[in-house]
Amino acid sequence: MDSGTLGKKIGISEELIKKSCTLSLSYRFYNELLFHVDNSSSDAVFIVFTGSWMVKEWFSGDQAFGETRIDSKDWSKKAFPSMRSIGNDDVAIVNQAFLKRFELVSKGSEFVEKVTSAVDGKKPIIFTGHSSGGAVAVLATIWFLERQSSEANTGTAKCVTFGAPLVGDYIVSHALKREKWSKHFIHFVKRYDIVPRILLAPRSSIQQELEHVLRYYTANGHHDQLESIAPDFYEKVMRSTSFLASHAAEKLKRNTDYSLLETITNFTKPSPYRPSGTYIFCTGTGKLVHLDNPEAVLQLLFFSCQVSHKNEIIRSCINAHLDYATELERSLEENVVYVDRLEKLPPASDGSALDDLAQNARGRLCLRAAGALEKQKQENQQQIIGKKATMEKEMKVLEEYRTFNAQKVGYYDAFKKQNEERDFAANVSRLELAGIWDEIIEMLKGYCLPDEFEGEDSWIELGTKFRRLVEPLDIANYYRHAKNEDSGAYMIKGRPRRYRYPQRWLEKKKGWESGACGESCFWAEVEELLKLASNDGEVNETRAKELQERIAKWVEQGVAGKDVFLEDSTFLKLWEELGRLKLQQESIHTLMTKFTKLSVS
Amino acid sequence: MTIQNQFSSGLESGNFVVNSDPVHQAWCAIEQQRQVDPNAEPSLYNEIIQPENPIVIAFGTPPGSLQGQEGLVSSKDFAHFEFLCNKSNPVFSINEAAIKLFQSHYNDLLLLKNKLVENSKSKTPPLIIITGQFLGGSVATLFTLWLLQGLNLSKTKRPLCITFGSPLVGDEHLRKCVLEFSTWKSCFLHIVSDQDHTPKIFMSQNTTTGAYKPFGTFLLCSASGCACSEDPDFISEQFVTTNSQTQDPNLGFSYGQILEDLKWKALCNIFKSIEGQSHPLQASIITQLLAIGVVSLQQSQDTDNLVRKMKKHETKLLIQKKKNSDSDNKLNEMKIHMAFLEWYKKDAKRQNIGYYDLYRNMGNQSDNMVTGFKKKLMNYWEDSVTEVENKPQLEGAHFRVRWLYAGTNYRGMVEPLHIADYYKDGGKNYQTAAGKRPKHFTLLEEWYQENQEKEKKKKQETQKQEEKPESGPSKSKRENVGSSLNDDSCFWARVEEALILLKNGGLTTDDKRKLKEFEDYVWNALKNYAVSPEIFLKKSSFMKWWNEYEYKGIVESSSLLLDFMKNGGPREYEAGKFT
C-alpha cells in the first residue's frame, strides 16, 4: 500500500476534482437540462450531466435490472464499437435508461459542437456528474474516447463521478482495461452511500421504496415516510449486493469446477452490473482509498456498507448520497491510500486505511482473493510469453516450408498430399503451435489473462502471422482426412477458435466489419465449391464470384501466397470446373494469365 | 503442496444460499404442506404452482415410528435405481425408512415424475424445486435422483433439491455413484442446524455409524452464522456428534426463523477479526468453523487437527481441478504421436512393405521409436476409455462424437501394431480367444458401431423420400482410399490366422472352409473400399497369404478375387476406380 497526493496519481488536480464536485452537485436537479458546459476554468472544460430522479429513468425496458445489450440499437452499436469482448464475441450490457438519456444528449447538435470546440481549444474535457448524472457521464466519456482513440489524444479526457450508480457489466470493465481507458474514469463513493449499490437489486424488489427515496432527494431532504422506508430499502439493496458479491467471491475462492451456485443462479439471477474504472472510497474518517481492481471494488461495495446494529446507519445511508462536498473538502487535504498488492493483504487488520472499510477477516479474504486473481492472470501471461521462443522456432520451420513449396506443388497442396518427410515435419510444427494457441484461447475464454491482452499489438501481430501461416495447413488437414464428410464444412464445423480469435483481433484493430480478414481460410471455400462442382452440383454464382474477387485481392495485397495459381493446386482444379462462372474482366483474370501456363480463355 | 493464495469458499456459498430465493420458496412450501387439511387423505407431497415462480414440490414426513428402520438396505433389494450403478460401484445402499417410504408411494411418484419429464420438453420448461423436511427430505433426495435420470439436461435446467434437517440417505457407494454424473451433485442442498437433532436420529449406537456418507452441498447453520461444505468426512463428523437431547422428529424444527436470522446476519459486520493467521486457506477455514459454531476463538489441538484435515481436502480438490485442465495438453501430445505414426506408415509404403509388416519385422531404429509411441498412445486411450466406461450408461452416451472419431482413428492406426507384436511373439486367435484383444479396442469399436447406427437412422429420418440413401462407398471414400486405414482394425489378425491355416500341411475341409470365408471377407471389404490398398504391397503379409493361397491351388477358378488380382484390380482399387 502506497500513499501520496491524489492529483499526481490519477492525473487530475485536487482543484479540478473539487470544481467537478461543486458543479455536479449544483446542477443535479436541473431536470429540464440534460447537461451544462462550464468554461469558467482556464485548465479544463467541464461537461456536467444533470441527474434524473424518476424510477423509470433508472430502470426501463422489461429486463429485471433494466439492462440492455449495447448493440441493441443501431446508433449505439456504432457509437460504442469497442464495448465488447473481442475473441469471445460477446457484447457489453448497459443500463437501458442511462443509455437512452445519453442518446438524447448525443443527438442534440449542441453536445457535439461543444465537445468539438473544447477539443479544438486544446483544453482537457472533464465529463462529470452526481448520481445518475455520473452514470451518463461515463457513457459520454466512452463515446468520446471511442471517437478519439485513432487520434491518440485521449489523455485529455477525464470522467469524474460522485455517488454514481453502476452503468455496465463486466464486459464494459474488461473493454475499458483492454483499450487502456480505465484510468480516465474516477468514481468517488462514500462508504455508506446506498446509491452506487442500487442497481444491484432487481427493480421488482425495490420499485416502491426507490420512488420514495428519489422523491426525498429532490424534495431537499423533506419526506415524511422516509423513516419507515429506509430500513427496508437498505436491507433489500444490501441483500442483493451481498448476493452478487458472495457469488463473485465464491468463484474467486472455490477449488472446484462445478458448484451448487450455478444451479441456484438459474432460479435467482444476480445483477449483471459491475464496477469499472478507478474507485476512490471516502471512509468517512477523512481518508480516501484508491482501488482499480473491479473485483475488489465489488467486494468493497458490499463490505464497506455493512453495519453492526440495525438502526445505526440506516437513515444516514440515504442521506450520505447528498453530501459529497463536505467530505471531499476535508479528505482531499489528506493523503490518499493506494491499495495495490491486494494478493498479499493479511487476513487480520494491519492498521492501514483499508481497515476502516473492511475490518473483518471474511471481507479481507475476499479482497485478497480479488488480488490473487489479478496476480494469477499476470502469471498466466508470463507463462505464455515463456513459450514465445518455441512459437517463433516452429513458425520459422513452417515459413521455410512455405518458401520451399512456393514454386513447386504449393504450400497448401504439398501439405495436403503429405508425400515427403518435410510435410510430416510441418505437420508436427503445426500441432506444436496448435497446442500453445489452444491453451491461450482457453484462457481467454475464461478471462484468465489480463484484460489488456487482446488489445496488445504484439499479440495481434503474432496471432495474424500464425493465422496466415498455419490455418491453410489446418484446412488441408481437414479436407485430407475428409472430415467434412463426417462433420460438415470446415468453416461451420471445423474451424478452431485459435483462428477465429486472432481474426477478430485484427478486424477490431482495423475497425473493419466481421469477416473482412478471412484471407487465412479461403482454401476452405475453395474445397467446398470444388466439392459441389465435382459432384455435379450447382455452384452458387455469388459464392464463386466472391471467392475469385477475394483471392485476387488477397494475393495482390500479399496476405495470401501466389502458390494458389500453381498448376497442381486445388484452386486450379476448381478453376477448371467453374466454366461460365469464371470472371473475365476482373483482376483474377489478369492474375491467372500472369501466373499460370494455362490458357485462360 | 502449498499454494500461495488458496482459499476456501464455504462462507461465500453460505451467504449466497441464504440470500437466494429458492431456499425461502422451499421453506414456505414445506410450511404449506404441513397446513394441508389434517382430515383429508394424507398425501406424501404437495405441489405448488404459481405463475412466474418455479414449481415447488414439498414432501412431508408421515407420522409413525421409525424404529428398526435406521439401517441401510442394499440396492439389490429394491428396484428403480439401477441406473445409478456403474462398473466400480455395482451396488449401493439406502436408508431403510427412506426407501420404504419411496416404494410405498411408487405409483403416485411415477405419475409425478412422468408429468415433470413431459413438462420439461415444452418450449419454456419450468424450473423445479423439490424439498422436504426430515424424512420428507430423504424422499425428496431419492425422487430428485430418479427425476434427473429422466431429464435431458442439455435441454432443460437442472432441478434443485433442498432438504431441511434430513438424515443422511445413503452410503459411500451411493455418493460415488452420484459423483459420476458430473453435474448432479450440484443439484442438492441440505440445510442442517446444529440446534436440530433429528438428522442424527439414524446415528444411534445400534447401527454402524460410519456407514452413512453425504453427497451434495450442506449448509451448516449455528447461532453465529452459517457456511457451506461439500467435504464428506467433515460433514459426517457433524452428524456423528453425540447429543443426549431427544426431540420428536414429527414436531419439526423451525428453519424459518433460523433462515431469517441468517439473512440479517449476512449483512452485519459481526465476524471478528482473527489474529495471527497469515495463510489465506487456513484463515478461510477458521472463519468458516467460527461461523458454524464448531470452534471458538480459542484454538485447541482439536481445532488444529480439524483445520489440517479440511485443508487437505481443499488442496485435493484444487489438484483435481488442475488435472482436468491439463488433460487438453495431453491430448495435443497424443496428436503429435499419431502424426509420427502416420509418417511411419507412409514411409513403409515407399519401402513396398506396409507399416504392419515393417513393424512386425522390427528391422529399423525407427521401429523402436514406434514401440514407444504405441505404448504412450495405448496408455492414454486405455485411461480415457476406462473413464468413459466407468460413467454410468446414461452419462456415457453423451461423450463427444469428436472424441469417438479420434478414438477410431487411433484404433485403426495402433491396433495393427499391437496385432503385429502379438503374432510375432507366437500368439494365436487374437480375436477369438478370451482376453487377448485389449478391452479398450473392443469398446471403442462397439461405441463406433453404435454411433454409426444412430447417425444412419438420423439421416434416414431427415432425408425421408427426397433422396435415396447412397448405396455403396461414397465418391470421396473411393478417392481417398490411398491414404486411408483399414475400417476393420483387426484385418491383420485375420490375415495372420489365414496364414497359420496355410502353414498346416494337410488342409482339412474345415480349414478350407475357413480360408474361403476369409477370401469372401476380403472381397466384401474391397467392394466397400474398407481396406487400405497398402495390403497389396509386394512384401506384405497379405500378399504372402495370397501367393501361397493361389499357389496351393485352393482358390476356385471362378473366384472373383482371383480375377481381381490377376487383372490389375489392385491398381484400379488404389486409384479409386474399381467398382
# chains A, B, ... in the order shown; residues from 1 in each chain; ligands from 1
$ interface_residues --of "chain A" --to "chain B" --cutoff "6 Å" --atoms "only C-alpha atoms" --output "list of chain:residue names"
A:Phe243, A:Ser246, A:Glu250, A:Lys253, A:Arg254, A:Asn255, A:Thr256, A:Ser259, A:Leu260, A:Gln306, A:Val307, A:Ser308, A:Pro346, A:Ala348, A:Asn360, A:Ala361, A:Gly435
$ write_last_selection --atoms "all heavy atoms" --output "compact mmCIF listing (two decimals), in the first residue's frame"
# COMPACT_ATOMS: atom_id res chain seq x y z
N PHE A 243 -25.69 -10.83 -2.23
CA PHE A 243 -25.93 -11.97 -3.11
C PHE A 243 -24.91 -11.98 -4.25
O PHE A 243 -24.26 -12.98 -4.53
CB PHE A 243 -27.36 -11.87 -3.66
CG PHE A 243 -27.81 -13.04 -4.47
CD1 PHE A 243 -27.94 -14.29 -3.90
CD2 PHE A 243 -28.14 -12.88 -5.81
CE1 PHE A 243 -28.38 -15.37 -4.65
CE2 PHE A 243 -28.58 -13.97 -6.57
CZ PHE A 243 -28.70 -15.21 -5.98
N SER A 246 -21.13 -12.24 -2.86
CA SER A 246 -20.71 -13.58 -2.43
C SER A 246 -20.65 -14.54 -3.61
O SER A 246 -19.83 -15.46 -3.63
CB SER A 246 -21.60 -14.11 -1.30
OG SER A 246 -22.95 -13.98 -1.59
N GLU A 250 -17.25 -16.36 -4.31
CA GLU A 250 -17.21 -17.82 -4.32
C GLU A 250 -16.45 -18.30 -5.54
O GLU A 250 -15.64 -19.21 -5.48
CB GLU A 250 -18.64 -18.38 -4.32
CG GLU A 250 -18.73 -19.87 -4.03
CD GLU A 250 -18.87 -20.74 -5.25
OE1 GLU A 250 -18.93 -20.21 -6.38
OE2 GLU A 250 -18.93 -21.97 -5.09
N LYS A 253 -12.81 -17.91 -5.00
CA LYS A 253 -12.17 -18.71 -3.96
C LYS A 253 -12.30 -20.20 -4.15
O LYS A 253 -11.56 -20.96 -3.54
CB LYS A 253 -12.79 -18.36 -2.61
CG LYS A 253 -12.44 -17.00 -2.06
CD LYS A 253 -13.17 -16.87 -0.74
CE LYS A 253 -12.84 -15.61 0.01
NZ LYS A 253 -13.59 -15.61 1.28
N ARG A 254 -13.27 -20.65 -4.92
CA ARG A 254 -13.54 -22.08 -4.86
C ARG A 254 -12.47 -22.90 -5.59
O ARG A 254 -11.78 -22.42 -6.48
CB ARG A 254 -14.92 -22.39 -5.42
CG ARG A 254 -15.03 -22.27 -6.93
CD ARG A 254 -16.31 -22.94 -7.39
NE ARG A 254 -16.49 -22.76 -8.81
CZ ARG A 254 -17.56 -22.22 -9.36
NH1 ARG A 254 -18.56 -21.81 -8.61
NH2 ARG A 254 -17.66 -22.11 -10.65
N ASN A 255 -12.42 -24.17 -5.21
CA ASN A 255 -11.39 -25.05 -5.74
C ASN A 255 -11.96 -26.12 -6.64
O ASN A 255 -11.30 -27.11 -6.93
CB ASN A 255 -10.64 -25.70 -4.58
CG ASN A 255 -9.98 -24.67 -3.70
OD1 ASN A 255 -9.37 -23.73 -4.21
ND2 ASN A 255 -10.11 -24.81 -2.39
N THR A 256 -13.21 -25.96 -7.07
CA THR A 256 -13.82 -27.00 -7.90
C THR A 256 -14.35 -26.37 -9.18
O THR A 256 -14.44 -25.16 -9.31
CB THR A 256 -15.00 -27.67 -7.18
OG1 THR A 256 -15.89 -26.64 -6.75
CG2 THR A 256 -14.55 -28.47 -6.00
N SER A 259 -20.42 -26.12 -9.24
CA SER A 259 -20.87 -25.83 -7.90
C SER A 259 -22.38 -25.60 -7.87
O SER A 259 -23.01 -25.27 -8.87
CB SER A 259 -20.09 -24.65 -7.35
OG SER A 259 -20.95 -23.61 -7.00
N LEU A 260 -22.91 -25.81 -6.68
CA LEU A 260 -24.33 -25.60 -6.42
C LEU A 260 -24.78 -24.22 -6.86
O LEU A 260 -25.91 -24.02 -7.30
CB LEU A 260 -24.57 -25.79 -4.91
CG LEU A 260 -25.92 -25.39 -4.36
CD1 LEU A 260 -26.94 -26.45 -4.67
CD2 LEU A 260 -25.83 -25.15 -2.87
N GLN A 306 -21.55 -2.65 5.30
CA GLN A 306 -22.11 -3.50 6.36
C GLN A 306 -22.30 -2.66 7.62
O GLN A 306 -21.55 -1.72 7.87
CB GLN A 306 -21.14 -4.63 6.68
CG GLN A 306 -21.26 -5.83 5.78
CD GLN A 306 -20.38 -6.97 6.27
OE1 GLN A 306 -19.24 -6.74 6.66
NE2 GLN A 306 -20.90 -8.17 6.26
N VAL A 307 -23.28 -3.05 8.42
CA VAL A 307 -23.49 -2.33 9.68
C VAL A 307 -23.39 -3.30 10.85
O VAL A 307 -23.47 -4.52 10.67
CB VAL A 307 -24.88 -1.65 9.72
CG1 VAL A 307 -24.93 -0.54 8.71
CG2 VAL A 307 -25.97 -2.67 9.46
N SER A 308 -23.19 -2.77 12.03
CA SER A 308 -23.12 -3.63 13.20
C SER A 308 -24.46 -3.70 13.92
O SER A 308 -24.80 -4.69 14.54
CB SER A 308 -22.06 -3.13 14.18
OG SER A 308 -20.94 -2.73 13.47
N PRO A 346 -3.09 -9.10 4.52
CA PRO A 346 -3.23 -10.06 5.63
C PRO A 346 -4.68 -10.19 6.08
O PRO A 346 -5.42 -9.20 6.05
CB PRO A 346 -2.37 -9.46 6.75
CG PRO A 346 -2.21 -8.02 6.40
CD PRO A 346 -2.33 -7.90 4.91
N ALA A 348 -5.88 -10.45 8.99
CA ALA A 348 -6.20 -9.62 10.15
C ALA A 348 -5.85 -8.17 9.84
O ALA A 348 -4.96 -7.90 9.03
CB ALA A 348 -5.40 -10.09 11.35
N ASN A 360 -13.42 -7.09 8.94
CA ASN A 360 -13.44 -8.49 9.32
C ASN A 360 -12.67 -9.38 8.36
O ASN A 360 -12.39 -9.03 7.21
CB ASN A 360 -14.88 -8.98 9.50
CG ASN A 360 -15.68 -8.86 8.22
OD1 ASN A 360 -15.27 -9.40 7.20
ND2 ASN A 360 -16.79 -8.16 8.29
N ALA A 361 -12.32 -10.53 8.87
CA ALA A 361 -11.46 -11.45 8.13
C ALA A 361 -12.13 -11.88 6.83
O ALA A 361 -11.47 -12.00 5.80
CB ALA A 361 -11.15 -12.67 8.98
N GLY A 435 -1.19 -26.54 -30.13
CA GLY A 435 -1.27 -26.81 -28.69
C GLY A 435 -1.12 -25.53 -27.88
O GLY A 435 -1.90 -25.27 -26.97
$ residues_around --residues "Thr464 (chain A)" --least-positions-apart "4" --cutoff "9 Å" --atoms "only C-alpha atoms" --output "PyMOL selection string"
chain A and resi 459-460+468-469+499+502-503+505-506+520
$ write_last_selection --atoms "all heavy atoms" --output "tab-separated table (two decimals), in the first residue's frame"
chain	number	residue	atom	x	y	z
A	459	TRP	N	0.60	-9.11	-29.69
A	459	TRP	CA	-0.17	-10.35	-29.78
A	459	TRP	C	-1.05	-10.37	-31.03
A	459	TRP	O	-1.25	-11.41	-31.64
A	459	TRP	CB	-1.01	-10.56	-28.52
A	459	TRP	CG	-0.18	-11.02	-27.37
A	459	TRP	CD1	0.17	-10.28	-26.27
A	459	TRP	CD2	0.46	-12.30	-27.22
A	459	TRP	NE1	0.99	-11.03	-25.44
A	459	TRP	CE2	1.17	-12.27	-25.99
A	459	TRP	CE3	0.51	-13.47	-27.98
A	459	TRP	CZ2	1.91	-13.35	-25.52
A	459	TRP	CZ3	1.24	-14.55	-27.52
A	459	TRP	CH2	1.94	-14.49	-26.30
A	460	ILE	N	-1.57	-9.21	-31.40
A	460	ILE	CA	-2.38	-9.17	-32.62
A	460	ILE	C	-1.51	-9.53	-33.81
A	460	ILE	O	-1.90	-10.32	-34.67
A	460	ILE	CB	-3.02	-7.78	-32.81
A	460	ILE	CG1	-3.92	-7.45	-31.61
A	460	ILE	CG2	-3.82	-7.71	-34.10
A	460	ILE	CD1	-4.52	-6.07	-31.62
A	468	ARG	N	-2.24	-16.68	-40.66
A	468	ARG	CA	-2.00	-16.74	-42.10
A	468	ARG	C	-1.09	-17.90	-42.47
A	468	ARG	O	-1.21	-18.50	-43.53
A	468	ARG	CB	-1.38	-15.44	-42.59
A	468	ARG	CG	-2.40	-14.31	-42.56
A	468	ARG	CD	-1.81	-13.02	-43.08
A	468	ARG	NE	-2.81	-11.96	-43.00
A	468	ARG	CZ	-2.50	-10.68	-42.89
A	468	ARG	NH1	-1.23	-10.31	-42.85
A	468	ARG	NH2	-3.46	-9.77	-42.83
A	469	LEU	N	-0.18	-18.20	-41.56
A	469	LEU	CA	0.80	-19.25	-41.85
A	469	LEU	C	0.21	-20.64	-41.65
A	469	LEU	O	0.43	-21.55	-42.44
A	469	LEU	CB	2.02	-19.05	-40.95
A	469	LEU	CG	3.21	-19.97	-41.15
A	469	LEU	CD1	3.81	-19.76	-42.54
A	469	LEU	CD2	4.26	-19.71	-40.08
A	499	TYR	N	-8.05	-19.69	-34.65
A	499	TYR	CA	-8.02	-18.81	-35.83
A	499	TYR	C	-9.13	-17.77	-35.78
A	499	TYR	O	-8.98	-16.66	-36.26
A	499	TYR	CB	-8.12	-19.63	-37.10
A	499	TYR	CG	-7.03	-20.67	-37.19
A	499	TYR	CD1	-7.32	-22.02	-37.27
A	499	TYR	CD2	-5.69	-20.28	-37.12
A	499	TYR	CE1	-6.30	-22.97	-37.31
A	499	TYR	CE2	-4.68	-21.22	-37.15
A	499	TYR	CZ	-4.99	-22.57	-37.24
A	499	TYR	OH	-3.98	-23.49	-37.26
A	502	PRO	N	-7.85	-14.60	-33.35
A	502	PRO	CA	-6.93	-13.61	-33.92
A	502	PRO	C	-7.53	-12.85	-35.10
A	502	PRO	O	-7.21	-11.68	-35.31
A	502	PRO	CB	-5.73	-14.44	-34.38
A	502	PRO	CG	-5.80	-15.68	-33.59
A	502	PRO	CD	-7.25	-15.93	-33.34
A	503	GLN	N	-8.42	-13.49	-35.85
A	503	GLN	CA	-9.06	-12.78	-36.96
A	503	GLN	C	-9.88	-11.61	-36.42
A	503	GLN	O	-9.82	-10.50	-36.93
A	503	GLN	CB	-9.95	-13.72	-37.78
A	503	GLN	CG	-10.61	-12.99	-38.95
A	503	GLN	CD	-11.46	-13.89	-39.82
A	503	GLN	OE1	-11.28	-15.10	-39.86
A	503	GLN	NE2	-12.41	-13.30	-40.52
A	505	TRP	N	-9.38	-10.06	-33.63
A	505	TRP	CA	-8.48	-9.03	-33.09
A	505	TRP	C	-8.09	-8.05	-34.19
A	505	TRP	O	-8.13	-6.85	-34.01
A	505	TRP	CB	-7.18	-9.65	-32.53
A	505	TRP	CG	-7.38	-10.62	-31.42
A	505	TRP	CD1	-8.52	-10.83	-30.70
A	505	TRP	CD2	-6.42	-11.56	-30.93
A	505	TRP	NE1	-8.32	-11.83	-29.79
A	505	TRP	CE2	-7.05	-12.29	-29.90
A	505	TRP	CE3	-5.09	-11.84	-31.24
A	505	TRP	CZ2	-6.40	-13.29	-29.18
A	505	TRP	CZ3	-4.43	-12.84	-30.53
A	505	TRP	CH2	-5.08	-13.55	-29.51
A	506	LEU	N	-7.70	-8.61	-35.33
A	506	LEU	CA	-7.23	-7.76	-36.42
A	506	LEU	C	-8.37	-6.90	-36.96
A	506	LEU	O	-8.21	-5.71	-37.21
A	506	LEU	CB	-6.61	-8.61	-37.53
A	506	LEU	CG	-5.93	-7.81	-38.64
A	506	LEU	CD1	-4.73	-7.04	-38.09
A	506	LEU	CD2	-5.49	-8.72	-39.78
A	520	SER	N	-7.06	-16.09	-44.37
A	520	SER	CA	-6.39	-17.32	-43.97
A	520	SER	C	-7.26	-18.56	-44.22
A	520	SER	O	-6.80	-19.67	-44.10
A	520	SER	CB	-6.01	-17.26	-42.49
A	520	SER	OG	-7.16	-17.05	-41.71
$ atom_distance --atom1 "CA of Leu101 (chain B)" --atom2 "CA of Pro199 (chain B)"
16.7 Å
$ atom_distance --atom1 "CA of Lys439 (chain B)" --atom2 "CA of Trp381 (chain B)"
10.8 Å
$ residues_around --residues "Met83 (chain A)" --least-positions-apart "2" --cutoff "6 Å" --atoms "only C-alpha atoms" --output "mmCIF file with all heavy atoms, in the first residue's frame"
data_model
loop_
_atom_site.group_PDB
_atom_site.id
_atom_site.type_symbol
_atom_site.label_atom_id
_atom_site.label_comp_id
_atom_site.auth_asym_id
_atom_site.auth_seq_id
_atom_site.Cartn_x
_atom_site.Cartn_y
_atom_site.Cartn_z
ATOM 1 N N PHE A 80 -20.449 2.786 -29.831
ATOM 2 C CA PHE A 80 -19.594 2.091 -28.852
ATOM 3 C C PHE A 80 -18.979 0.811 -29.433
ATOM 4 O O PHE A 80 -19.174 -0.271 -28.885
ATOM 5 C CB PHE A 80 -20.405 1.744 -27.600
ATOM 6 C CG PHE A 80 -21.016 2.940 -26.917
ATOM 7 C CD1 PHE A 80 -22.368 3.228 -27.039
ATOM 8 C CD2 PHE A 80 -20.230 3.782 -26.144
ATOM 9 C CE1 PHE A 80 -22.933 4.331 -26.409
ATOM 10 C CE2 PHE A 80 -20.787 4.881 -25.505
ATOM 11 C CZ PHE A 80 -22.142 5.165 -25.634
ATOM 12 N N PRO A 81 -18.234 0.925 -30.523
ATOM 13 C CA PRO A 81 -17.727 -0.295 -31.174
ATOM 14 C C PRO A 81 -16.764 -1.110 -30.308
ATOM 15 O O PRO A 81 -16.602 -2.305 -30.536
ATOM 16 C CB PRO A 81 -17.023 0.239 -32.429
ATOM 17 C CG PRO A 81 -16.688 1.657 -32.112
ATOM 18 C CD PRO A 81 -17.800 2.140 -31.228
ATOM 19 N N ALA A 92 -21.176 -5.893 -24.637
ATOM 20 C CA ALA A 92 -21.410 -5.353 -23.307
ATOM 21 C C ALA A 92 -22.896 -5.116 -23.054
ATOM 22 O O ALA A 92 -23.664 -4.875 -23.983
ATOM 23 C CB ALA A 92 -20.650 -4.046 -23.138
ATOM 24 N N VAL A 172 -17.903 -4.210 -19.965
ATOM 25 C CA VAL A 172 -17.515 -2.803 -20.013
ATOM 26 C C VAL A 172 -16.186 -2.617 -19.289
ATOM 27 O O VAL A 172 -15.246 -2.014 -19.811
ATOM 28 C CB VAL A 172 -18.601 -1.902 -19.383
ATOM 29 C CG1 VAL A 172 -18.087 -0.481 -19.227
ATOM 30 C CG2 VAL A 172 -19.866 -1.928 -20.227
ATOM 31 N N ALA A 175 -13.438 -4.184 -21.342
ATOM 32 C CA ALA A 175 -13.113 -3.430 -22.552
ATOM 33 C C ALA A 175 -12.370 -2.137 -22.206
ATOM 34 O O ALA A 175 -11.440 -1.746 -22.911
ATOM 35 C CB ALA A 175 -14.388 -3.123 -23.344
#
$ residues_around --residues "Glu392 (chain A)" --least-positions-apart "6" --cutoff "10 Å" --atoms "only C-alpha atoms" --output "count of residues only"
4
$ closest_residue --among "B:Cys221, B:Ala26, B:Ile55, B:Cys490" --to "Ser120 (chain B)" --atoms "only C-alpha atoms"
B:Ile55
$ residues_around --residues "Leu291 (chain A)" --least-positions-apart "3" --cutoff "12 Å" --atoms "only C-alpha atoms" --output "ChimeraX atom specification"
/A:1-2,9-10,182-183,185-189,275-282,288,294-301,336-342,354,367,370-371
$ closest_residue --among "A:Phe565, A:Tyr411, A:Tyr401, A:Tyr479" --to "Ser429 (chain A)" --atoms "only C-alpha atoms"
A:Tyr401
$ residues_around --residues "Tyr529 (chain B)" --least-positions-apart "4" --cutoff "12 Å" --atoms "only C-alpha atoms" --output "JSON, numbers by chain"
{"B": [472, 473, 474, 475, 476, 477, 478, 479, 480, 481, 482, 483, 484, 485, 486, 487, 488, 522, 523, 524, 525, 533, 570, 572, 573, 574, 575, 576, 577, 578, 579]}
$ residues_around --residues "Phe59 (chain B)" --least-positions-apart "4" --cutoff "6 Å" --atoms "only C-alpha atoms" --output "PyMOL selection string"
chain B and resi 44-45+132+136
$ write_last_selection --atoms "N, CA, C and O atoms" --output "mmCIF file, in the first residue's frame"
data_model
loop_
_atom_site.group_PDB
_atom_site.id
_atom_site.type_symbol
_atom_site.label_atom_id
_atom_site.label_comp_id
_atom_site.auth_asym_id
_atom_site.auth_seq_id
_atom_site.Cartn_x
_atom_site.Cartn_y
_atom_site.Cartn_z
ATOM 1 N N LEU B 44 -48.314 -37.717 0.311
ATOM 2 C CA LEU B 44 -46.896 -37.622 0.664
ATOM 3 C C LEU B 44 -46.326 -36.251 0.316
ATOM 4 O O LEU B 44 -45.440 -35.738 0.978
ATOM 5 N N TYR B 45 -46.856 -35.669 -0.757
ATOM 6 C CA TYR B 45 -46.268 -34.400 -1.175
ATOM 7 C C TYR B 45 -47.345 -33.410 -1.584
ATOM 8 O O TYR B 45 -48.488 -33.773 -1.813
ATOM 9 N N GLY B 132 -38.217 -30.964 1.232
ATOM 10 C CA GLY B 132 -38.850 -31.731 2.285
ATOM 11 C C GLY B 132 -38.045 -31.599 3.564
ATOM 12 O O GLY B 132 -36.844 -31.293 3.522
ATOM 13 N N GLY B 136 -39.053 -36.472 4.886
ATOM 14 C CA GLY B 136 -39.573 -35.920 3.636
ATOM 15 C C GLY B 136 -38.427 -35.468 2.737
ATOM 16 O O GLY B 136 -38.480 -35.619 1.515
#
$ atom_distance --atom1 "CA of Asp474 (chain A)" --atom2 "CA of Met491 (chain A)"
11.4 Å
$ select_by_dssp --residues "region 257-437 of chain A" --states "helix (DSSP H, G or I)" --output "PyMOL selection string"
chain A and resi 260-265+294-303+316-319+325-331+342-344+354-357+361-385+388-405+411-417+421-437
$ select_by_dssp --residues "region 275-435 of chain A" --states "strand (DSSP E)" --output "list in words"
Thr278, Tyr279, Ile280, Phe281, Cys282, Leu288, Val289, His290, Leu291, Val336, Val337 and Tyr338 of chain A
$ write_last_selection --atoms "C-alpha atoms" --output "mmCIF file, in the first residue's frame"
data_model
loop_
_atom_site.group_PDB
_atom_site.id
_atom_site.type_symbol
_atom_site.label_atom_id
_atom_site.label_comp_id
_atom_site.auth_asym_id
_atom_site.auth_seq_id
_atom_site.Cartn_x
_atom_site.Cartn_y
_atom_site.Cartn_z
ATOM 1 C CA THR A 278 -10.974 3.617 -10.822
ATOM 2 C CA TYR A 279 -12.768 3.952 -7.489
ATOM 3 C CA ILE A 280 -11.987 6.245 -4.631
ATOM 4 C CA PHE A 281 -13.819 5.319 -1.448
ATOM 5 C CA CYS A 282 -14.386 8.036 1.143
ATOM 6 C CA LEU A 288 -9.585 8.361 0.704
ATOM 7 C CA VAL A 289 -8.856 4.840 -0.535
ATOM 8 C CA HIS A 290 -7.990 4.303 -4.189
ATOM 9 C CA LEU A 291 -8.675 0.938 -5.921
ATOM 10 C CA VAL A 336 -4.751 9.157 -0.413
ATOM 11 C CA VAL A 337 -4.146 5.489 0.203
ATOM 12 C CA TYR A 338 -3.493 3.424 -2.881
#
